[in-house]
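Reading through the structure tokens given below for one structure.
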Amino acid sequence: MSRACLMAASLMMLTLVSCAPKAPSSAVDSTPTPVTTPDSTPVIPPSERVPRITIDELLQKIESQADILIVDSRIDVADQFAAGHIKGAIPVPLSTIMEGQWLPPADQNQEIIFYCS
């Protein structure tokens, strides 16, 4: 049974690749222009600074009982969480996180893994 849940979580994670919306495609050159600070230091966008893990890496962490906190941050998480979620995840809407209304527990030293769609 737990193997079936793990497989379901794998399939769910496969469909939930990234929180950031994809840029619209166009005929214009979409090569990003690096932003620089006044001292000419390139600025890396937050979406590129956040480390990402694969589904297999997440499954390994879950199987090894790593000290992780899994946060389901889907836009309509209240409805979707009830329909299904990764075992052990907690529901926190992305808007709540972005508005600074949710912070991870300060007394814990867990790796935090977010997933969304």
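By order of appearance in the structure tokens: chains A, B, ..., then residues from 1 within every chain, and ligands from 1 in the order shown.
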Which residues of region 64-85 of chain A sit at most 10 Å from region 93-108 of chain A, using only C-alpha atoms? Give each one's shortest atom pair and distance in Å (one decimal place), in chain and ascending residue order, as JSON lines.
{"residue": "A:Asp67", "atom": "CA", "partner": "A:Gln108", "partner_atom": "CA", "distance": 9.3}
{"residue": "A:Ile68", "atom": "CA", "partner": "A:Gln108", "partner_atom": "CA", "distance": 9.8}
{"residue": "A:Leu69", "atom": "CA", "partner": "A:Pro104", "partner_atom": "CA", "distance": 8.7}
{"residue": "A:Val71", "atom": "CA", "partner": "A:Pro93", "partner_atom": "CA", "distance": 9.0}
{"residue": "A:Asp72", "atom": "CA", "partner": "A:Pro93", "partner_atom": "CA", "distance": 7.4}
{"residue": "A:Ser73", "atom": "CA", "partner": "A:Pro93", "partner_atom": "CA", "distance": 4.7}
{"residue": "A:Arg74", "atom": "CA", "partner": "A:Pro93", "partner_atom": "CA", "distance": 5.9}
{"residue": "A:Ile75", "atom": "CA", "partner": "A:Pro93", "partner_atom": "CA", "distance": 5.7}
{"residue": "A:Asp76", "atom": "CA", "partner": "A:Pro93", "partner_atom": "CA", "distance": 7.0}
{"residue": "A:Val77", "atom": "CA", "partner": "A:Pro93", "partner_atom": "CA", "distance": 5.9}
{"residue": "A:Ala78", "atom": "CA", "partner": "A:Pro93", "partner_atom": "CA", "distance": 8.0}
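Distances here use only C-alpha atoms; by that measure, the residue among A:Ile70, A:Glu63, A:Pro91, A:Pro51 closest to Ile112 (chain A) is A:Ile70.
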As an exercise, work out the distance from CA of Thr54 (chain A) to CA of Ala82 (chain A) in Å and give it to one decimal place. 24.1 Å
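Of the residues listed (A:Ile53, A:Thr41, A:Pro46, A:Asp79), A:Ile53 shows the shortest atom-to-atom separation from Phe114 (chain A); distances use only C-alpha atoms.
Minimum atom-to-atom distances from A:Ile86, A:Gln110, A:Phe81, A:Val43 to Leu58 (chain A) were compared using only C-alpha atoms, and the lowest value belongs to A:Ile86.
For the atom pair formed by CA of Pro45 (chain A) and CA of Gln80 (chain A), the distance is 28.9 Å, given to one decimal.
Our summary of the geometry notes that CA of Glu111 (chain A) is positioned 8.6 Å from CA of Ala66 (chain A).
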